[in-house]
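Structure file upload-v6.cif (mmCIF, C-alpha atoms) is printed below.
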```cif
data_query
loop_
_atom_site.label_atom_id
_atom_site.label_comp_id
_atom_site.auth_asym_id
_atom_site.auth_seq_id
_atom_site.Cartn_x
_atom_site.Cartn_y
_atom_site.Cartn_z
CA MET A 1 22.20 -1.76 8.04
CA PRO A 2 20.02 0.78 6.21
CA LYS A 3 20.08 4.43 7.13
CA ILE A 4 17.17 5.24 9.49
CA TYR A 5 16.12 8.84 10.15
CA HIS A 6 14.32 10.15 13.23
CA ASP A 7 12.78 13.40 14.50
CA ASN A 8 16.11 15.10 15.10
CA ASP A 9 17.11 14.46 11.46
CA ALA A 10 14.14 16.42 10.08
CA ASP A 11 13.35 20.13 10.07
CA LEU A 12 9.72 21.10 9.48
CA SER A 13 10.71 24.71 8.86
CA VAL A 14 12.01 23.89 5.36
CA LEU A 15 8.36 23.42 4.33
CA LYS A 16 6.91 26.41 6.20
CA ASN A 17 6.73 28.58 3.07
CA LYS A 18 5.70 25.74 0.78
CA THR A 19 2.22 24.71 -0.32
CA ILE A 20 1.67 20.97 -0.20
CA ALA A 21 -0.89 19.68 -2.71
CA ILE A 22 -2.37 16.25 -1.98
CA ILE A 23 -3.83 14.81 -5.19
CA GLY A 24 -6.42 12.23 -4.16
CA TYR A 25 -8.27 12.30 -0.85
CA GLY A 26 -8.64 8.58 -0.30
CA ILE A 27 -7.68 6.82 2.91
CA GLN A 28 -3.95 7.52 2.52
CA GLY A 29 -4.51 11.03 1.17
CA ARG A 30 -6.78 11.93 4.06
CA GLY A 31 -4.39 10.62 6.70
CA GLN A 32 -1.39 12.42 5.26
CA ALA A 33 -3.24 15.68 4.57
CA LEU A 34 -4.70 15.96 8.06
CA ASN A 35 -1.40 15.13 9.74
CA LEU A 36 0.48 17.70 7.66
CA LYS A 37 -2.17 20.29 8.41
CA ASP A 38 -2.02 19.54 12.14
CA SER A 39 1.77 19.89 11.94
CA GLY A 40 1.25 23.52 10.94
CA LEU A 41 1.95 23.15 7.22
CA ASN A 42 -0.01 24.70 4.36
CA VAL A 43 -2.01 21.90 2.73
CA ILE A 44 -4.44 21.92 -0.18
CA VAL A 45 -6.24 18.86 -1.52
CA SER A 46 -7.62 17.73 -4.83
CA GLU A 47 -10.54 15.38 -5.27
CA MET A 48 -13.23 14.78 -7.88
CA GLU A 49 -16.27 16.93 -7.22
CA ASN A 50 -19.36 15.18 -5.81
CA SER A 51 -17.40 12.03 -4.95
CA PRO A 52 -17.72 10.60 -1.41
CA ASN A 53 -14.11 11.62 -0.73
CA TYR A 54 -14.86 15.17 -1.88
CA LYS A 55 -17.55 15.43 0.78
CA ILE A 56 -15.23 13.96 3.41
CA ALA A 57 -12.57 16.54 2.53
CA ILE A 58 -15.10 19.35 3.03
CA ALA A 59 -16.18 17.88 6.36
CA ASP A 60 -12.49 17.81 7.36
CA GLY A 61 -12.18 21.53 6.70
CA PHE A 62 -10.62 21.53 3.22
CA GLN A 63 -11.93 23.17 0.08
CA PRO A 64 -11.06 20.57 -2.57
CA LEU A 65 -9.64 21.80 -5.87
CA ASP A 66 -9.39 20.14 -9.26
CA ALA A 67 -6.01 18.47 -9.88
CA LYS A 68 -4.85 21.10 -12.36
CA THR A 69 -5.42 23.99 -9.94
CA ALA A 70 -3.89 22.11 -7.03
CA ALA A 71 -0.79 21.26 -9.08
CA LYS A 72 -0.45 24.87 -10.17
CA GLN A 73 -0.64 26.16 -6.59
CA GLY A 74 1.41 23.40 -5.01
CA ASP A 75 5.17 23.48 -4.43
CA ILE A 76 5.11 19.90 -3.13
CA ILE A 77 2.76 17.77 -5.25
CA GLN A 78 1.96 14.40 -3.70
CA ILE A 79 0.07 12.00 -6.01
CA LEU A 80 -2.06 9.61 -3.95
CA THR A 81 -4.49 8.31 -6.56
CA GLN A 82 -4.41 4.62 -7.49
CA ASP A 83 -1.41 3.41 -9.52
CA HIS A 84 -3.29 2.92 -12.78
CA VAL A 85 -4.71 6.47 -12.65
CA GLN A 86 -1.53 8.36 -11.76
CA ALA A 87 0.01 8.58 -15.23
CA LEU A 88 -3.20 9.98 -16.71
CA VAL A 89 -3.58 12.55 -13.93
CA TYR A 90 0.05 13.53 -14.36
CA LYS A 91 -0.21 13.99 -18.13
CA GLN A 92 -3.54 15.82 -18.06
CA ASP A 93 -3.24 18.00 -14.98
CA ILE A 94 0.20 18.05 -13.40
CA LYS A 95 2.85 18.02 -16.12
CA LYS A 96 2.23 21.55 -17.42
CA ASN A 97 2.17 22.93 -13.89
CA LEU A 98 5.35 21.22 -12.75
CA THR A 99 7.72 24.17 -12.88
CA ALA A 100 11.40 24.18 -11.94
CA GLY A 101 12.17 23.64 -8.26
CA LYS A 102 8.89 21.94 -7.37
CA SER A 103 8.73 18.48 -5.80
CA LEU A 104 6.81 15.58 -7.31
CA VAL A 105 6.05 13.11 -4.53
CA PHE A 106 4.80 9.54 -4.30
CA SER A 107 4.02 6.93 -1.65
CA HIS A 108 4.63 4.06 -4.09
CA GLY A 109 7.20 4.02 -6.88
CA PHE A 110 5.35 2.09 -9.61
CA ASN A 111 4.84 4.87 -12.13
CA ILE A 112 8.31 6.35 -11.77
CA HIS A 113 10.17 3.04 -11.75
CA PHE A 114 8.30 1.69 -14.76
CA GLU A 115 8.53 5.05 -16.57
CA GLN A 116 4.81 5.69 -16.88
CA ILE A 117 5.63 9.12 -15.48
CA VAL A 118 8.84 10.75 -16.74
CA PRO A 119 9.25 14.04 -14.88
CA PRO A 120 11.40 16.95 -16.12
CA LYS A 121 14.96 17.09 -14.83
CA ASP A 122 14.52 20.43 -13.04
CA VAL A 123 12.17 19.13 -10.32
CA ASP A 124 12.76 17.01 -7.24
CA VAL A 125 11.20 13.55 -7.25
CA TRP A 126 10.99 11.69 -3.95
CA MET A 127 8.94 9.21 -2.01
CA ILE A 128 7.61 8.97 1.51
CA ALA A 129 5.84 5.64 1.89
CA PRO A 130 4.16 4.92 5.23
CA LYS A 131 4.19 1.21 6.05
CA GLY A 132 0.58 1.22 7.11
CA PRO A 133 -2.85 2.32 5.86
CA GLY A 134 -3.89 5.96 6.01
CA ALA A 135 -6.26 5.42 8.92
CA LEU A 136 -3.37 4.06 11.00
CA VAL A 137 -1.11 6.92 9.88
CA ARG A 138 -3.77 9.28 11.20
CA SER A 139 -4.61 7.50 14.46
CA GLN A 140 -0.96 7.00 15.42
CA TYR A 141 -0.24 10.66 14.79
CA GLN A 142 -3.18 11.68 16.98
CA GLU A 143 -1.80 9.48 19.76
CA GLY A 144 1.58 11.22 19.55
CA LYS A 145 3.16 8.24 17.78
CA GLY A 146 3.92 7.43 14.16
CA VAL A 147 4.00 4.77 11.47
CA PRO A 148 7.45 3.83 10.08
CA CYS A 149 8.05 5.16 6.56
CA LEU A 150 10.36 4.57 3.64
CA VAL A 151 12.18 7.47 1.99
CA ALA A 152 13.65 7.43 -1.52
CA ILE A 153 15.13 10.16 -3.68
CA PHE A 154 14.81 9.72 -7.45
CA GLN A 155 15.80 13.23 -8.56
CA ASP A 156 17.48 15.94 -6.50
CA ALA A 157 17.30 19.02 -8.72
CA THR A 158 17.31 21.50 -5.82
CA LYS A 159 19.88 19.62 -3.72
CA ASN A 160 17.28 19.82 -0.93
CA ALA A 161 15.14 16.81 -1.83
CA LEU A 162 16.12 14.76 1.21
CA LYS A 163 15.49 17.72 3.53
CA TYR A 164 12.03 18.21 2.03
CA ALA A 165 11.27 14.48 2.16
CA LEU A 166 12.28 14.11 5.81
CA ALA A 167 10.34 17.25 6.76
CA TYR A 168 7.28 15.78 5.02
CA ALA A 169 7.82 12.50 6.88
CA LYS A 170 8.01 14.42 10.14
CA GLY A 171 4.81 16.25 9.22
CA ILE A 172 2.89 12.97 8.95
CA GLY A 173 4.51 11.50 12.08
CA GLY A 174 6.86 9.07 10.35
CA THR A 175 10.08 10.25 11.98
CA ARG A 176 8.61 9.50 15.40
CA ALA A 177 8.88 5.81 14.50
CA GLY A 178 11.74 5.88 11.99
CA VAL A 179 12.20 6.51 8.28
CA ILE A 180 14.21 3.89 6.38
CA GLU A 181 16.21 4.86 3.31
CA THR A 182 15.52 2.89 0.13
CA THR A 183 15.19 3.42 -3.63
CA PHE A 184 12.20 3.62 -5.97
CA LYS A 185 13.37 0.36 -7.54
CA GLU A 186 13.63 -1.52 -4.25
CA GLU A 187 10.34 -0.23 -2.85
CA THR A 188 8.39 -0.95 -6.03
CA GLU A 189 9.73 -4.41 -6.73
CA THR A 190 9.53 -5.68 -3.15
CA ASP A 191 6.04 -4.22 -2.70
CA LEU A 192 4.72 -5.98 -5.80
CA PHE A 193 6.47 -9.22 -4.87
CA GLY A 194 5.03 -9.22 -1.35
CA GLU A 195 1.51 -8.58 -2.62
CA GLN A 196 1.62 -11.25 -5.30
CA THR A 197 3.39 -14.12 -3.58
CA VAL A 198 2.58 -13.73 0.10
CA LEU A 199 0.20 -11.05 1.36
CA CYS A 200 -2.58 -11.27 -1.21
CA GLY A 201 -1.97 -13.91 -3.89
CA GLY A 202 -0.15 -16.42 -1.72
CA VAL A 203 -2.39 -16.20 1.33
CA SER A 204 -5.71 -16.18 -0.52
CA GLU A 205 -4.81 -19.18 -2.67
CA LEU A 206 -3.43 -21.09 0.34
CA VAL A 207 -6.64 -20.45 2.29
CA LYS A 208 -8.87 -21.54 -0.60
CA ALA A 209 -6.78 -24.66 -1.25
CA GLY A 210 -6.95 -25.69 2.41
CA TYR A 211 -10.68 -25.05 2.56
CA GLN A 212 -11.36 -27.03 -0.62
CA THR A 213 -9.19 -29.95 0.53
CA LEU A 214 -11.27 -30.34 3.71
CA VAL A 215 -14.61 -29.93 1.93
CA ASP A 216 -13.64 -32.41 -0.78
CA ALA A 217 -12.73 -34.88 1.99
CA GLY A 218 -16.27 -34.64 3.35
CA TYR A 219 -15.85 -32.16 6.21
CA GLN A 220 -18.47 -29.50 6.81
CA PRO A 221 -17.81 -26.23 4.91
CA GLU A 222 -18.46 -24.26 8.11
CA ILE A 223 -15.73 -26.13 9.99
CA ALA A 224 -13.33 -25.83 7.03
CA TYR A 225 -13.96 -22.06 6.95
CA PHE A 226 -13.15 -21.64 10.64
CA GLU A 227 -9.98 -23.73 10.46
CA CYS A 228 -8.53 -22.34 7.22
CA LEU A 229 -9.74 -18.72 7.12
CA HIS A 230 -11.30 -17.43 10.33
CA GLU A 231 -8.42 -18.41 12.61
CA LEU A 232 -5.85 -16.91 10.24
CA LYS A 233 -6.30 -13.54 11.94
CA LEU A 234 -5.17 -15.01 15.27
CA ILE A 235 -1.94 -16.27 13.70
CA THR A 236 -1.19 -13.16 11.61
CA ASP A 237 -1.83 -10.91 14.62
CA LEU A 238 0.65 -12.94 16.67
CA ILE A 239 3.25 -12.77 13.88
CA TYR A 240 2.60 -9.02 13.47
CA GLN A 241 3.12 -8.40 17.18
CA HIS A 242 5.79 -10.95 18.08
CA GLY A 243 7.41 -12.31 14.92
CA ILE A 244 7.26 -15.92 13.71
CA ILE A 245 9.11 -17.31 16.75
CA GLY A 246 6.84 -15.31 19.06
CA MET A 247 3.79 -16.79 17.33
CA ARG A 248 5.13 -20.29 17.77
CA GLN A 249 5.64 -19.65 21.48
CA ARG A 250 1.98 -18.70 21.81
CA VAL A 251 0.30 -21.60 20.02
CA SER A 252 0.08 -25.18 21.24
CA ASP A 253 3.11 -27.47 21.05
CA THR A 254 1.08 -29.64 18.68
CA ALA A 255 0.58 -26.69 16.33
CA GLU A 256 4.23 -25.70 16.63
CA TYR A 257 5.45 -29.20 15.77
CA GLY A 258 3.05 -29.36 12.81
CA ASP A 259 4.42 -25.99 11.67
CA TYR A 260 8.02 -27.23 11.66
CA SER A 261 7.37 -30.70 10.22
CA ARG A 262 4.63 -30.04 7.64
CA GLY A 263 4.97 -26.38 6.61
CA PRO A 264 8.01 -27.01 4.37
CA ARG A 265 6.03 -29.67 2.51
CA ILE A 266 3.52 -27.00 1.46
CA ILE A 267 5.89 -24.12 0.81
CA ASN A 268 8.67 -26.11 -0.83
CA ASP A 269 11.40 -25.73 -3.47
CA ARG A 270 8.80 -25.75 -6.24
CA THR A 271 7.00 -22.84 -4.56
CA LYS A 272 10.26 -20.93 -4.14
CA LYS A 273 11.13 -21.55 -7.80
CA GLU A 274 7.79 -20.02 -8.84
CA MET A 275 8.39 -17.09 -6.48
CA LYS A 276 11.71 -16.42 -8.21
CA LYS A 277 9.94 -16.55 -11.57
CA ILE A 278 7.36 -14.01 -10.37
CA LEU A 279 10.12 -11.77 -9.02
CA GLY A 280 11.80 -11.95 -12.43
CA GLU A 281 8.56 -10.85 -14.11
CA ILE A 282 8.40 -7.87 -11.76
CA GLN A 283 12.05 -6.92 -12.25
CA SER A 284 11.85 -7.15 -16.05
CA GLY A 285 8.72 -5.00 -16.18
CA LYS A 286 6.62 -7.86 -17.59
CA PHE A 287 4.02 -7.57 -14.83
CA ALA A 288 3.87 -3.77 -15.14
CA ARG A 289 3.34 -3.98 -18.91
CA GLU A 290 0.63 -6.60 -18.40
CA TRP A 291 -1.19 -4.47 -15.79
CA ILE A 292 -0.96 -1.32 -17.90
CA ARG A 293 -2.27 -3.21 -20.95
CA GLU A 294 -5.06 -4.71 -18.84
CA ASN A 295 -6.27 -1.24 -17.86
CA LYS A 296 -6.04 0.12 -21.40
CA ASN A 297 -8.15 -2.80 -22.66
CA GLY A 298 -10.96 -2.28 -20.14
CA ARG A 299 -9.77 -4.83 -17.57
CA PRO A 300 -11.29 -8.01 -19.10
CA ASN A 301 -9.15 -10.44 -17.08
CA PHE A 302 -9.30 -8.38 -13.90
CA ASN A 303 -13.10 -8.23 -14.03
CA LYS A 304 -13.37 -11.97 -14.68
CA PHE A 305 -10.98 -12.75 -11.81
CA ARG A 306 -13.01 -10.54 -9.49
CA GLU A 307 -16.33 -12.08 -10.52
CA ASP A 308 -15.04 -15.64 -10.21
CA SER A 309 -13.67 -14.86 -6.74
CA LYS A 310 -17.02 -13.52 -5.58
CA ASN A 311 -18.66 -16.78 -6.55
CA HIS A 312 -16.20 -19.09 -4.77
CA PRO A 313 -17.96 -21.28 -2.16
CA ILE A 314 -15.72 -19.95 0.64
CA GLU A 315 -17.24 -16.48 0.12
CA LYS A 316 -20.80 -17.76 0.40
CA ILE A 317 -20.20 -19.73 3.57
CA GLY A 318 -18.11 -16.90 4.99
CA GLU A 319 -20.88 -14.37 4.49
CA SER A 320 -23.24 -16.61 6.42
CA LEU A 321 -20.83 -17.29 9.28
CA ARG A 322 -19.74 -13.68 9.67
CA SER A 323 -23.36 -12.73 10.28
CA MET A 324 -23.09 -14.78 13.50
CA MET A 325 -20.21 -12.59 14.70
CA PRO A 326 -21.54 -9.09 15.51
CA TRP A 327 -18.13 -7.87 16.70
CA MET A 328 -17.00 -7.83 13.06
CA LYS A 329 -19.59 -5.23 12.06
CA HIS A 330 -18.37 -1.65 11.85
#
```
Structure rendered as structure tokens:
Amino acid sequence: MPKIYHDNDADLSVLKNKTIAIIGYGIQGRGQALNLKDSGLNVIVSEMENSPNYKIAIADGFQPLDAKTAAKQGDIIQILTQDHVQALVYKQDIKKNLTAGKSLVFSHGFNIHFEQIVPPKDVDVWMIAPKGPGALVRSQYQEGKGVPCLVAIFQDATKNALKYALAYAKGIGGTRAGVIETTFKEETETDLFGEQTVLCGGVSELVKAGYQTLVDAGYQPEIAYFECLHELKLITDLIYQHGIIGMRQRVSDTAEYGDYSRGPRIINDRTKKEMKKILGEIQSGKFAREWIRENKNGRPNFNKFREDSKNHPIEKIGESLRSMMPWMKH
């Protein structure tokens, strides 16, 4: 069993005299910054001037700084920009201001694990990774609850890294739910694997394949959309709330039997073999090198993938059908 930390394992007072700099005021940055502030900690934020997030930060009561100034003032420097931007921000704005005894913090281990950021040995490097989007981190905190987090220590120069990390987790509400100990390696590799094979890549390709199979067989695109995409939310919500067995208890016996008898024909040994291959590419750094190269070259493949996806028939029919469902509009 992994080590799981709770409220009584964390002491907010270890951060009382520290300045926490949140670099990047996106959804995750906003949620963490506001929670830390409401926990009585000293928080500053960095965001690009005149960006939408800059204006949101001002509306939330912050006076956003440039990354260089925030890093200079911060004792705890949490980088919450997108993965492909972090190394550049670190090299340009943070590195020179990362003096001995400071903490460099992440919510995803990509740049540390794949050595795009190589911090000096005299600073703490740790991770607090909420297992939920920033909006949920915020709303759960406001309700007196919390989102479970992961904690990992990469460097412990001060011998207080875990104390600081758990205090930070408590500040965003994570210890209310539980903070699970892991490593940068484990968090990074499992996160990438889940995204590529199940949560994003696997699901989206499965949905499109099912849709296309029905349409090619002569069924109406609208019906295919409802059966292969629209109703997916019902199933994933049931799994999210009750687990796979709980989902099966809440669908029809016909659906449950079809699950048992036909599911393994779709996700079979060949699929698992490809999953292992993808995991190997993640573990070896092949995927990371490919993604870094893609960004350096102006994202030619990424942009083509995105454009092709926009033009898939399922997107066109989906746009039309969603207009019939006003409850989806926010």
Q. Once the PyMOL selection byres ((chain A and resi 87-95) around 12) has been applied to the shown file, what residues remain in the selection, as a PyMOL selection string?
A. chain A and resi 21-24+46-48+65-86+96-100+102-106+109-112+114-120+123+292+295-296
- Contacts of range 30-35 of chain A at 9 Å or less, counting only C-alpha atoms, minus same-chain residues fewer than 2 places along, as a VMD selection string? chain A and resid 20 to 22 24 to 28 37 to 40 43 to 45 53 56 to 57 60 133 to 139 141 to 142 171 to 173
Got time to write the residues from that selection, C-alpha atoms, as a JSON list (two decimals), keeping the file's coordinate frame?
```json
[["chain", "number", "residue", "atom", "x", "y", "z"],
["A", 20, "ILE", "CA", 1.67, 20.97, -0.20],
["A", 21, "ALA", "CA", -0.89, 19.68, -2.71],
["A", 22, "ILE", "CA", -2.37, 16.25, -1.98],
["A", 24, "GLY", "CA", -6.42, 12.23, -4.16],
["A", 25, "TYR", "CA", -8.27, 12.30, -0.85],
["A", 26, "GLY", "CA", -8.64, 8.58, -0.30],
["A", 27, "ILE", "CA", -7.68, 6.82, 2.91],
["A", 28, "GLN", "CA", -3.95, 7.52, 2.52],
["A", 37, "LYS", "CA", -2.17, 20.29, 8.41],
["A", 38, "ASP", "CA", -2.02, 19.54, 12.14],
["A", 39, "SER", "CA", 1.77, 19.89, 11.94],
["A", 40, "GLY", "CA", 1.25, 23.52, 10.94],
["A", 43, "VAL", "CA", -2.01, 21.90, 2.73],
["A", 44, "ILE", "CA", -4.44, 21.92, -0.18],
["A", 45, "VAL", "CA", -6.24, 18.86, -1.52],
["A", 53, "ASN", "CA", -14.11, 11.62, -0.73],
["A", 56, "ILE", "CA", -15.23, 13.96, 3.41],
["A", 57, "ALA", "CA", -12.57, 16.54, 2.53],
["A", 60, "ASP", "CA", -12.49, 17.81, 7.36],
["A", 133, "PRO", "CA", -2.85, 2.32, 5.86],
["A", 134, "GLY", "CA", -3.89, 5.96, 6.01],
["A", 135, "ALA", "CA", -6.26, 5.42, 8.92],
["A", 136, "LEU", "CA", -3.37, 4.06, 11.00],
["A", 137, "VAL", "CA", -1.11, 6.92, 9.88],
["A", 138, "ARG", "CA", -3.77, 9.28, 11.20],
["A", 139, "SER", "CA", -4.61, 7.50, 14.46],
["A", 141, "TYR", "CA", -0.24, 10.66, 14.79],
["A", 142, "GLN", "CA", -3.18, 11.68, 16.98],
["A", 171, "GLY", "CA", 4.81, 16.25, 9.22],
["A", 172, "ILE", "CA", 2.89, 12.97, 8.95],
["A", 173, "GLY", "CA", 4.51, 11.50, 12.08]]
```
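Nearest residue to Lys163 in chain A among A:Asp124, A:Glu186, A:Glu319, A:Glu294 is A:Asp124, counting all atoms listed in the file.
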Practice item. Pull out every residue that the PyMOL selection byres ((chain A and resi 154) around 10) matches in the shown coordinates and put them as a PyMOL selection string. Key: chain A and resi 104-105+109+112-113+124-127+152-153+155-157+161+183-185
Write out as an mmCIF file with C-alpha atoms, in the coordinates of the input each polymer residue whose atoms come within 12 Å of Asp9 in chain A, counting all atoms listed in the file; drop sequence neighbours fewer than 6 positions from it.
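Full text of part37.cif as output:
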```cif
data_model
loop_
_atom_site.group_PDB
_atom_site.id
_atom_site.type_symbol
_atom_site.label_atom_id
_atom_site.label_comp_id
_atom_site.auth_asym_id
_atom_site.auth_seq_id
_atom_site.Cartn_x
_atom_site.Cartn_y
_atom_site.Cartn_z
ATOM 1 C CA LYS A 3 20.080 4.430 7.130
ATOM 2 C CA LEU A 162 16.120 14.760 1.210
ATOM 3 C CA LYS A 163 15.490 17.720 3.530
ATOM 4 C CA TYR A 164 12.030 18.210 2.030
ATOM 5 C CA ALA A 165 11.270 14.480 2.160
ATOM 6 C CA LEU A 166 12.280 14.110 5.810
ATOM 7 C CA ALA A 167 10.340 17.250 6.760
ATOM 8 C CA TYR A 168 7.280 15.780 5.020
ATOM 9 C CA ALA A 169 7.820 12.500 6.880
ATOM 10 C CA LYS A 170 8.010 14.420 10.140
ATOM 11 C CA GLY A 174 6.860 9.070 10.350
ATOM 12 C CA THR A 175 10.080 10.250 11.980
ATOM 13 C CA ARG A 176 8.610 9.500 15.400
ATOM 14 C CA GLY A 178 11.740 5.880 11.990
ATOM 15 C CA VAL A 179 12.200 6.510 8.280
#
```
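Of note, CA of Asp253 in chain A and CA of Lys272 in chain A are spaced 27.0 Å apart.
Each of A:Ile180, A:Leu232, A:Ile267, A:Ile128 was checked against Met1 in chain A using all atoms listed in the file; the smallest atom-to-atom distance is that of A:Ile180.
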(message) For this structure, which residues satisfy the selection - the PyMOL selection byres ((chain A and resi 210) around 12) - when it is evaluated on the file as given? I want them as a list in words.
(response) Val203, Ser204, Glu205, Leu206, Val207, Lys208, Ala209, Tyr211, Gln212, Thr213, Leu214, Val215, Asp216, Ala217, Tyr219, Pro221, Ile223, Ala224, Tyr225, Phe226, Glu227, Cys228, Leu229, Leu232, Ile266 and Ile314 of chain A
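Between CA of Glu181 in chain A and CA of Gln196 in chain A there is a distance of 23.4 Å.
Ranking A:Lys131, A:Leu199, A:Tyr257, A:Leu192 by their shortest atom-to-atom distance to Gly285 in chain A, with only C-alpha atoms included, puts A:Leu192 first.
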task: Extract, using only C-alpha atoms, all DNA, RNA and protein residues at most 12 Å from Asp259 in chain A, discarding same-chain residues fewer than 3 positions from it, and format them as a PyMOL selection string.
output: chain A and resi 235+244-245+247-249+251-256+262-267
Among A:Lys310, A:Lys145, A:Lys276, A:Lys233, Gly194 in chain A is approached most closely, using only C-alpha atoms, by A:Lys276
CA of Ala177 in chain A sits from CA of Pro130 in chain A at a separation of 10.4 Å
Give the padded box for range 112-117 of chain A as lines of an AutoDock Vina configuration file: axis-aligned, covering all atoms listed in the file, 3 Å on each side, centre and edge lengths in Å to one decimal.
```
center_x = 7.5
center_y = 5.4
center_z = -14.3
size_x = 11.4
size_y = 13.4
size_z = 11.1
```
Identify, on the basis of only C-alpha atoms, every residue whose closest approach to Met324 in chain A does not exceed 12 Å; exclude the query and any residue fewer than 6 positions from it along the same chain; express the result as a PDB file with C-alpha atoms, keeping the file's coordinate frame.
```pdb
ATOM      1  CA  GLU A 222     -18.460 -24.260   8.110  1.00  0.00           C
ATOM      2  CA  ILE A 317     -20.200 -19.730   3.570  1.00  0.00           C
ATOM      3  CA  GLY A 318     -18.110 -16.900   4.990  1.00  0.00           C
TER       4      GLY A 318
END
```
Mind listing as a PDB file with C-alpha atoms, keeping the file's coordinate frame all residues within 9 Å of (8.0, -7.7, -9.1), counting only C-alpha atoms?
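Ended up saving to result-v4.pdb:
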```pdb
ATOM      1  CA  THR A 188       8.390  -0.950  -6.030  1.00  0.00           C
ATOM      2  CA  GLU A 189       9.730  -4.410  -6.730  1.00  0.00           C
ATOM      3  CA  THR A 190       9.530  -5.680  -3.150  1.00  0.00           C
ATOM      4  CA  ASP A 191       6.040  -4.220  -2.700  1.00  0.00           C
ATOM      5  CA  LEU A 192       4.720  -5.980  -5.800  1.00  0.00           C
ATOM      6  CA  PHE A 193       6.470  -9.220  -4.870  1.00  0.00           C
ATOM      7  CA  GLY A 194       5.030  -9.220  -1.350  1.00  0.00           C
ATOM      8  CA  GLN A 196       1.620 -11.250  -5.300  1.00  0.00           C
ATOM      9  CA  ILE A 278       7.360 -14.010 -10.370  1.00  0.00           C
ATOM     10  CA  LEU A 279      10.120 -11.770  -9.020  1.00  0.00           C
ATOM     11  CA  GLY A 280      11.800 -11.950 -12.430  1.00  0.00           C
ATOM     12  CA  GLU A 281       8.560 -10.850 -14.110  1.00  0.00           C
ATOM     13  CA  ILE A 282       8.400  -7.870 -11.760  1.00  0.00           C
ATOM     14  CA  GLN A 283      12.050  -6.920 -12.250  1.00  0.00           C
ATOM     15  CA  SER A 284      11.850  -7.150 -16.050  1.00  0.00           C
ATOM     16  CA  GLY A 285       8.720  -5.000 -16.180  1.00  0.00           C
ATOM     17  CA  LYS A 286       6.620  -7.860 -17.590  1.00  0.00           C
ATOM     18  CA  PHE A 287       4.020  -7.570 -14.830  1.00  0.00           C
ATOM     19  CA  ALA A 288       3.870  -3.770 -15.140  1.00  0.00           C
TER      20      ALA A 288
END
```
